[in-house]
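To start, the structure itself, in structure tokens.
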Amino acid sequence: MSILKIFLVEDDLFSGEALKYHLQLNPDFDVSLFQTGKECLYNLNKKPDIICLDVGLPDITGEKLFKKIQEINPKIPLIIISGQEDIEVAINFLKSGANDYIVKNSHTKDLLWNSILKARENLKLVQEVEDLKEKLEQKYNFEKTIIGQSNPIKVVFNKINKAINTNINVSITGETGTGKEVVAKAIHYNSDRKNKPFIAINMAAIPKDLMESEFFGHEKGAFTGANDRKIGKFEQADGGTLFLDEIAELDLNLQSKLLRALQEREVVRLGGTTGIKFNARLIIATHKDLSQEVKKGSFREDLFYRIIGLPIHLPPLRDRENDTLLLAKHFIDLFVKENKIKPISLSKGAKDKLIKYPFYGNIRELKSVIDLACVMCENNEILIDDLLFTSTNSTDFFLAESKTLKEYTSEIILHFLKANNNDVIKTAQKLNIGKSTIYNLIQTKEEC
């Protein structure tokens, strides 16, 4: 939730504008001010995240408006702002489901700010719970999360089924972008551990000096800056699955500590002395050949045999026959659903171009190409020229003088700005990015 859409209903224009100005000091707050209850109700189709409601409105009582909003959408957090200090009135609102009751005084703007921050945190928690429920309902079943009908992917399905029915460690290999984390989640959410945490660590994304703390946690005062106790990923994954992505990037010194933790099935927090037992299934992934890393001396042989378990190799997309078109359709349908637009089709020429292209970035690259094509296409049909990636000829493939990722990103933002009549807030909501990103782009373009 990057942009928080807030409705502020206040009949006193001076007071309302002052509160709106104060709230919009936070660049992630998009505040709309209404002076009547009818205006608020008329604009509910814009789906606000939070409504701040003055009860002393000229056209409708606060109680009636409160109930009407709840009838339309009972999930919207409602914060009451009132000039009344009547405790009974406040209690009645809170009992009826109001998130907060704020009395107008010299501290109103600060109280409202803090109340909105709390409401935003609650919304995040609700969203996380809903996401988890959706994941558990889907159970990461293969038809929805691993798209494909080719023989190579059927071999993968067979191994996933074997992994689901045991607690054996699993090692997933494959080129970058082949979907290693998706397979790890498919195993976890279809196993007996599905109701416990799935904890993922990307070894390549965490600085070496922070890795041990991430793994094992630390006690308060263990080192400079350790102001509180921290629970490590091993403890967090207890009862569930610990997914170690890009394990080949792990420092040799930490490899020995990881081996010890896996052998003893316990960890000791940095600065601590007590061993803490954990019961987590281990799934590792890498785009490198670990056996070759062992030969080169960059990966411990004893750790290699400890973690290898059931090996699952994910084939590159170029070896998966017609799965490319199945995945392309899946990503198109997903884009259409998420952006609430009309269905988009692939022209025959576009299909042929997708089949011929090798996709060295695999599924991740295909999704990026399809998302951009959905933005750039006209008349709800993706044509050859809408597929912006590697140029081809009859015998080989070569990288064209294409744009950088930053340039493509700018092009997408500018496209949506134009489509939304240069409405920065609407564009930010559509693309789920911060308003500052768009303002910075506009400023850069103006300076060029």
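By convention here, the chains of the structure tokens are called A, B, ... in the order presented, each chain's residues are numbered starting at 1, and ligands are numbered starting at 1 in the order presented.
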
Exercise: A:Cys377 partners within 12 Å, only C-alpha atoms, chain neighbours under 5 positions left out, as a PDB file with N, CA, C and O atoms, in the first residue's frame:
```
ATOM      1  N   ILE A 332      -0.783 -12.042 -19.561  1.00  0.00           N
ATOM      2  CA  ILE A 332      -1.713 -11.069 -20.143  1.00  0.00           C
ATOM      3  C   ILE A 332      -2.998 -11.024 -19.319  1.00  0.00           C
ATOM      4  O   ILE A 332      -3.488  -9.947 -18.956  1.00  0.00           O
ATOM      5  N   PRO A 343     -10.020  -7.260 -22.191  1.00  0.00           N
ATOM      6  CA  PRO A 343      -9.136  -8.374 -22.559  1.00  0.00           C
ATOM      7  C   PRO A 343      -8.191  -7.993 -23.701  1.00  0.00           C
ATOM      8  O   PRO A 343      -8.535  -7.225 -24.591  1.00  0.00           O
ATOM      9  N   ILE A 344      -6.981  -8.527 -23.633  1.00  0.00           N
ATOM     10  CA  ILE A 344      -5.954  -8.269 -24.644  1.00  0.00           C
ATOM     11  C   ILE A 344      -5.587  -9.591 -25.318  1.00  0.00           C
ATOM     12  O   ILE A 344      -5.464 -10.625 -24.654  1.00  0.00           O
ATOM     13  N   SER A 345      -5.404  -9.560 -26.631  1.00  0.00           N
ATOM     14  CA  SER A 345      -5.053 -10.769 -27.379  1.00  0.00           C
ATOM     15  C   SER A 345      -3.662 -10.628 -27.988  1.00  0.00           C
ATOM     16  O   SER A 345      -3.107  -9.529 -28.078  1.00  0.00           O
ATOM     17  N   LEU A 346      -3.113 -11.754 -28.413  1.00  0.00           N
ATOM     18  CA  LEU A 346      -1.823 -11.790 -29.099  1.00  0.00           C
ATOM     19  C   LEU A 346      -2.062 -12.032 -30.589  1.00  0.00           C
ATOM     20  O   LEU A 346      -2.762 -12.969 -30.961  1.00  0.00           O
ATOM     21  N   SER A 347      -1.482 -11.201 -31.433  1.00  0.00           N
ATOM     22  CA  SER A 347      -1.589 -11.440 -32.875  1.00  0.00           C
ATOM     23  C   SER A 347      -0.747 -12.658 -33.247  1.00  0.00           C
ATOM     24  O   SER A 347       0.140 -13.079 -32.489  1.00  0.00           O
ATOM     25  N   ALA A 350       2.877 -11.816 -33.280  1.00  0.00           N
ATOM     26  CA  ALA A 350       3.446 -11.712 -31.937  1.00  0.00           C
ATOM     27  C   ALA A 350       3.713 -13.091 -31.353  1.00  0.00           C
ATOM     28  O   ALA A 350       4.738 -13.321 -30.697  1.00  0.00           O
ATOM     29  N   VAL A 369       8.400  -8.504 -20.579  1.00  0.00           N
ATOM     30  CA  VAL A 369       8.087  -8.201 -21.981  1.00  0.00           C
ATOM     31  C   VAL A 369       6.581  -8.086 -22.179  1.00  0.00           C
ATOM     32  O   VAL A 369       6.088  -7.165 -22.844  1.00  0.00           O
ATOM     33  N   ILE A 370       5.827  -9.021 -21.586  1.00  0.00           N
ATOM     34  CA  ILE A 370       4.367  -9.025 -21.749  1.00  0.00           C
ATOM     35  C   ILE A 370       3.736  -7.829 -21.056  1.00  0.00           C
ATOM     36  O   ILE A 370       2.824  -7.172 -21.612  1.00  0.00           O
ATOM     37  N   ASP A 371       4.179  -7.496 -19.846  1.00  0.00           N
ATOM     38  CA  ASP A 371       3.619  -6.337 -19.138  1.00  0.00           C
ATOM     39  C   ASP A 371       3.799  -5.065 -19.951  1.00  0.00           C
ATOM     40  O   ASP A 371       2.875  -4.250 -20.076  1.00  0.00           O
ATOM     41  N   LEU A 372       4.999  -4.887 -20.502  1.00  0.00           N
ATOM     42  CA  LEU A 372       5.259  -3.695 -21.306  1.00  0.00           C
ATOM     43  C   LEU A 372       4.422  -3.707 -22.578  1.00  0.00           C
ATOM     44  O   LEU A 372       3.882  -2.674 -22.987  1.00  0.00           O
ATOM     45  N   ILE A 382      -1.828  -7.222 -28.987  1.00  0.00           N
ATOM     46  CA  ILE A 382      -0.375  -7.098 -28.992  1.00  0.00           C
ATOM     47  C   ILE A 382       0.145  -7.507 -30.368  1.00  0.00           C
ATOM     48  O   ILE A 382      -0.068  -8.643 -30.815  1.00  0.00           O
ATOM     49  N   LEU A 383       0.841  -6.571 -31.024  1.00  0.00           N
ATOM     50  CA  LEU A 383       1.422  -6.829 -32.337  1.00  0.00           C
ATOM     51  C   LEU A 383       2.929  -7.049 -32.205  1.00  0.00           C
ATOM     52  O   LEU A 383       3.497  -6.878 -31.121  1.00  0.00           O
ATOM     53  N   ILE A 384       3.555  -7.396 -33.310  1.00  0.00           N
ATOM     54  CA  ILE A 384       4.993  -7.688 -33.287  1.00  0.00           C
ATOM     55  C   ILE A 384       5.794  -6.532 -32.687  1.00  0.00           C
ATOM     56  O   ILE A 384       6.664  -6.732 -31.838  1.00  0.00           O
ATOM     57  N   ASP A 385       5.497  -5.311 -33.103  1.00  0.00           N
ATOM     58  CA  ASP A 385       6.286  -4.152 -32.673  1.00  0.00           C
ATOM     59  C   ASP A 385       6.074  -3.806 -31.200  1.00  0.00           C
ATOM     60  O   ASP A 385       6.834  -3.005 -30.634  1.00  0.00           O
ATOM     61  N   ASP A 386       5.045  -4.372 -30.584  1.00  0.00           N
ATOM     62  CA  ASP A 386       4.807  -4.123 -29.159  1.00  0.00           C
ATOM     63  C   ASP A 386       5.711  -4.980 -28.273  1.00  0.00           C
ATOM     64  O   ASP A 386       5.842  -4.715 -27.075  1.00  0.00           O
ATOM     65  N   LEU A 387       6.308  -6.019 -28.831  1.00  0.00           N
ATOM     66  CA  LEU A 387       7.197  -6.906 -28.082  1.00  0.00           C
ATOM     67  C   LEU A 387       8.616  -6.359 -28.177  1.00  0.00           C
ATOM     68  O   LEU A 387       9.298  -6.518 -29.190  1.00  0.00           O
ATOM     69  N   LEU A 388       9.055  -5.680 -27.133  1.00  0.00           N
ATOM     70  CA  LEU A 388      10.344  -4.993 -27.143  1.00  0.00           C
ATOM     71  C   LEU A 388      11.377  -5.807 -26.385  1.00  0.00           C
ATOM     72  O   LEU A 388      11.418  -5.805 -25.162  1.00  0.00           O
ATOM     73  N   ILE A 412       6.936   3.778 -19.527  1.00  0.00           N
ATOM     74  CA  ILE A 412       5.671   3.278 -18.975  1.00  0.00           C
ATOM     75  C   ILE A 412       4.981   4.359 -18.146  1.00  0.00           C
ATOM     76  O   ILE A 412       3.775   4.602 -18.272  1.00  0.00           O
ATOM     77  N   HIS A 415       3.573   7.028 -20.333  1.00  0.00           N
ATOM     78  CA  HIS A 415       2.383   6.524 -21.034  1.00  0.00           C
ATOM     79  C   HIS A 415       1.147   6.651 -20.147  1.00  0.00           C
ATOM     80  O   HIS A 415       0.096   7.133 -20.584  1.00  0.00           O
TER      81      HIS A 415
END
```

Seminar exercise, completed: atom CA of A:Leu290 to atom CA of A:Ala248 measures 6.8 Å

For this session: Measuring atom to atom with only C-alpha atoms, identify which of A:Leu414, A:Glu128, A:Val89, A:Ile199 is nearest to A:Tyr439.
Result: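 Under the stated criterion, the closest residue is A:Leu414.
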
Running DSSP on the backbone, which parts of stretch 70-305 of chain A land in strand (DSSP E), as a PDB file with N, CA and C atoms, in the first residue's frame?
```pdb
ATOM      1  N   LEU A  78     -12.969   4.288   9.933  1.00  0.00           N
ATOM      2  CA  LEU A  78     -13.596   5.597  10.119  1.00  0.00           C
ATOM      3  C   LEU A  78     -13.035   6.253  11.379  1.00  0.00           C
ATOM      4  N   ILE A  79     -12.511   7.467  11.204  1.00  0.00           N
ATOM      5  CA  ILE A  79     -11.984   8.243  12.322  1.00  0.00           C
ATOM      6  C   ILE A  79     -12.911   9.438  12.527  1.00  0.00           C
ATOM      7  N   ILE A  80     -13.475   9.544  13.720  1.00  0.00           N
ATOM      8  CA  ILE A  80     -14.433  10.615  14.023  1.00  0.00           C
ATOM      9  C   ILE A  80     -13.699  11.826  14.572  1.00  0.00           C
ATOM     10  N   ILE A  81     -14.019  13.013  14.002  1.00  0.00           N
ATOM     11  CA  ILE A  81     -13.486  14.284  14.510  1.00  0.00           C
ATOM     12  C   ILE A  81     -14.671  15.103  14.981  1.00  0.00           C
ATOM     13  N   SER A  82     -14.662  15.518  16.236  1.00  0.00           N
ATOM     14  CA  SER A  82     -15.853  16.184  16.787  1.00  0.00           C
ATOM     15  C   SER A  82     -15.479  17.324  17.726  1.00  0.00           C
ATOM     16  N   ASP A 100     -11.330   5.574  15.802  1.00  0.00           N
ATOM     17  CA  ASP A 100     -10.861   6.529  16.805  1.00  0.00           C
ATOM     18  C   ASP A 100     -11.871   7.667  16.915  1.00  0.00           C
ATOM     19  N   TYR A 101     -11.821   8.376  18.043  1.00  0.00           N
ATOM     20  CA  TYR A 101     -12.683   9.536  18.273  1.00  0.00           C
ATOM     21  C   TYR A 101     -11.773  10.665  18.736  1.00  0.00           C
ATOM     22  N   ILE A 102     -11.667  11.725  17.930  1.00  0.00           N
ATOM     23  CA  ILE A 102     -10.751  12.824  18.224  1.00  0.00           C
ATOM     24  C   ILE A 102     -11.548  14.092  18.491  1.00  0.00           C
ATOM     25  N   VAL A 103     -11.270  14.728  19.617  1.00  0.00           N
ATOM     26  CA  VAL A 103     -11.936  15.982  19.969  1.00  0.00           C
ATOM     27  C   VAL A 103     -11.131  17.143  19.403  1.00  0.00           C
ATOM     28  N   VAL A 170      15.442 -30.036  -0.075  1.00  0.00           N
ATOM     29  CA  VAL A 170      15.271 -29.922  -1.518  1.00  0.00           C
ATOM     30  C   VAL A 170      16.243 -28.876  -2.050  1.00  0.00           C
ATOM     31  N   SER A 171      16.924 -29.196  -3.137  1.00  0.00           N
ATOM     32  CA  SER A 171      17.804 -28.230  -3.800  1.00  0.00           C
ATOM     33  C   SER A 171      17.265 -27.953  -5.199  1.00  0.00           C
ATOM     34  N   ILE A 172      16.981 -26.684  -5.473  1.00  0.00           N
ATOM     35  CA  ILE A 172      16.392 -26.283  -6.749  1.00  0.00           C
ATOM     36  C   ILE A 172      17.445 -25.526  -7.547  1.00  0.00           C
ATOM     37  N   THR A 173      17.710 -25.989  -8.756  1.00  0.00           N
ATOM     38  CA  THR A 173      18.677 -25.325  -9.615  1.00  0.00           C
ATOM     39  C   THR A 173      18.005 -24.893 -10.908  1.00  0.00           C
ATOM     40  N   PHE A 198       6.683 -19.631   5.874  1.00  0.00           N
ATOM     41  CA  PHE A 198       7.627 -19.821   4.771  1.00  0.00           C
ATOM     42  C   PHE A 198       8.563 -18.627   4.831  1.00  0.00           C
ATOM     43  N   ILE A 199       9.816 -18.857   5.227  1.00  0.00           N
ATOM     44  CA  ILE A 199      10.779 -17.783   5.413  1.00  0.00           C
ATOM     45  C   ILE A 199      11.844 -17.869   4.336  1.00  0.00           C
ATOM     46  N   ALA A 200      11.971 -16.800   3.549  1.00  0.00           N
ATOM     47  CA  ALA A 200      12.927 -16.785   2.438  1.00  0.00           C
ATOM     48  C   ALA A 200      14.064 -15.813   2.719  1.00  0.00           C
ATOM     49  N   ILE A 201      15.286 -16.234   2.395  1.00  0.00           N
ATOM     50  CA  ILE A 201      16.459 -15.366   2.499  1.00  0.00           C
ATOM     51  C   ILE A 201      17.192 -15.404   1.168  1.00  0.00           C
ATOM     52  N   ASN A 202      17.444 -14.238   0.599  1.00  0.00           N
ATOM     53  CA  ASN A 202      18.247 -14.138  -0.617  1.00  0.00           C
ATOM     54  C   ASN A 202      19.675 -13.798  -0.212  1.00  0.00           C
ATOM     55  N   GLY A 217      19.834 -14.347  14.533  1.00  0.00           N
ATOM     56  CA  GLY A 217      19.314 -13.342  15.446  1.00  0.00           C
ATOM     57  C   GLY A 217      20.391 -12.834  16.391  1.00  0.00           C
ATOM     58  N   HIS A 218      20.028 -11.899  17.264  1.00  0.00           N
ATOM     59  CA  HIS A 218      21.001 -11.399  18.243  1.00  0.00           C
ATOM     60  C   HIS A 218      20.281 -10.933  19.503  1.00  0.00           C
ATOM     61  N   LYS A 230      16.703  -9.516  18.502  1.00  0.00           N
ATOM     62  CA  LYS A 230      16.192  -9.823  17.172  1.00  0.00           C
ATOM     63  C   LYS A 230      16.090 -11.329  16.994  1.00  0.00           C
ATOM     64  N   ILE A 231      14.932 -11.785  16.514  1.00  0.00           N
ATOM     65  CA  ILE A 231      14.725 -13.209  16.239  1.00  0.00           C
ATOM     66  C   ILE A 231      15.213 -13.502  14.827  1.00  0.00           C
ATOM     67  N   THR A 241       9.123 -23.722   6.687  1.00  0.00           N
ATOM     68  CA  THR A 241      10.146 -23.949   5.667  1.00  0.00           C
ATOM     69  C   THR A 241      11.097 -22.767   5.621  1.00  0.00           C
ATOM     70  N   LEU A 242      12.398 -23.071   5.565  1.00  0.00           N
ATOM     71  CA  LEU A 242      13.426 -22.049   5.400  1.00  0.00           C
ATOM     72  C   LEU A 242      13.970 -22.166   3.982  1.00  0.00           C
ATOM     73  N   PHE A 243      13.777 -21.122   3.192  1.00  0.00           N
ATOM     74  CA  PHE A 243      14.203 -21.125   1.794  1.00  0.00           C
ATOM     75  C   PHE A 243      15.429 -20.239   1.644  1.00  0.00           C
ATOM     76  N   LEU A 244      16.559 -20.839   1.312  1.00  0.00           N
ATOM     77  CA  LEU A 244      17.811 -20.105   1.150  1.00  0.00           C
ATOM     78  C   LEU A 244      18.100 -19.971  -0.347  1.00  0.00           C
ATOM     79  N   ASP A 245      17.827 -18.790  -0.879  1.00  0.00           N
ATOM     80  CA  ASP A 245      18.003 -18.540  -2.310  1.00  0.00           C
ATOM     81  C   ASP A 245      19.428 -18.064  -2.589  1.00  0.00           C
ATOM     82  N   GLU A 266      19.895 -26.547  15.975  1.00  0.00           N
ATOM     83  CA  GLU A 266      19.727 -25.475  16.950  1.00  0.00           C
ATOM     84  C   GLU A 266      20.629 -24.296  16.592  1.00  0.00           C
ATOM     85  N   VAL A 267      20.245 -23.115  17.056  1.00  0.00           N
ATOM     86  CA  VAL A 267      21.028 -21.906  16.807  1.00  0.00           C
ATOM     87  C   VAL A 267      21.274 -21.200  18.134  1.00  0.00           C
ATOM     88  N   ILE A 276      19.008 -22.704  20.862  1.00  0.00           N
ATOM     89  CA  ILE A 276      17.564 -22.673  20.609  1.00  0.00           C
ATOM     90  C   ILE A 276      17.244 -23.680  19.512  1.00  0.00           C
ATOM     91  N   LYS A 277      16.456 -24.677  19.841  1.00  0.00           N
ATOM     92  CA  LYS A 277      16.112 -25.721  18.886  1.00  0.00           C
ATOM     93  C   LYS A 277      15.140 -25.179  17.834  1.00  0.00           C
ATOM     94  N   ARG A 281      12.007 -27.174   7.621  1.00  0.00           N
ATOM     95  CA  ARG A 281      12.448 -27.854   6.408  1.00  0.00           C
ATOM     96  C   ARG A 281      13.333 -26.906   5.609  1.00  0.00           C
ATOM     97  N   LEU A 282      14.406 -27.425   5.017  1.00  0.00           N
ATOM     98  CA  LEU A 282      15.330 -26.599   4.261  1.00  0.00           C
ATOM     99  C   LEU A 282      15.138 -26.814   2.760  1.00  0.00           C
ATOM    100  N   ILE A 283      14.931 -25.705   2.058  1.00  0.00           N
ATOM    101  CA  ILE A 283      14.929 -25.719   0.595  1.00  0.00           C
ATOM    102  C   ILE A 283      15.942 -24.679   0.142  1.00  0.00           C
ATOM    103  N   ILE A 284      16.881 -25.089  -0.704  1.00  0.00           N
ATOM    104  CA  ILE A 284      17.890 -24.145  -1.198  1.00  0.00           C
ATOM    105  C   ILE A 284      17.743 -23.991  -2.702  1.00  0.00           C
ATOM    106  N   ALA A 285      18.252 -22.888  -3.209  1.00  0.00           N
ATOM    107  CA  ALA A 285      18.185 -22.648  -4.656  1.00  0.00           C
ATOM    108  C   ALA A 285      19.438 -21.919  -5.114  1.00  0.00           C
ATOM    109  N   THR A 286      19.837 -22.163  -6.336  1.00  0.00           N
ATOM    110  CA  THR A 286      20.978 -21.467  -6.919  1.00  0.00           C
ATOM    111  C   THR A 286      20.929 -21.593  -8.440  1.00  0.00           C
TER     112      THR A 286
END
```

For this session: Have a look at atom CA of A:Thr36 and atom CA of A:Cys52 and let me know their distance in Å, one decimal.
Result: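 A separation of 12.5 Å between them.
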
Exercise. Residues at most 7 Å from A:Phe278, counting only C-alpha atoms, excluding those fewer than 3 positions away in the same chain, as JSON, numbers by chain?
Worked result: {"A": [234, 235, 238, 265, 266]}

For this session: From a DSSP calculation on the backbone, collect every residue of stretch 190-346 of chain A in alpha helix (DSSP H) and output the set as a PyMOL selection string.
Result: chain A and resi 208-216+233-236+252-264+290-296+301-307+323-339
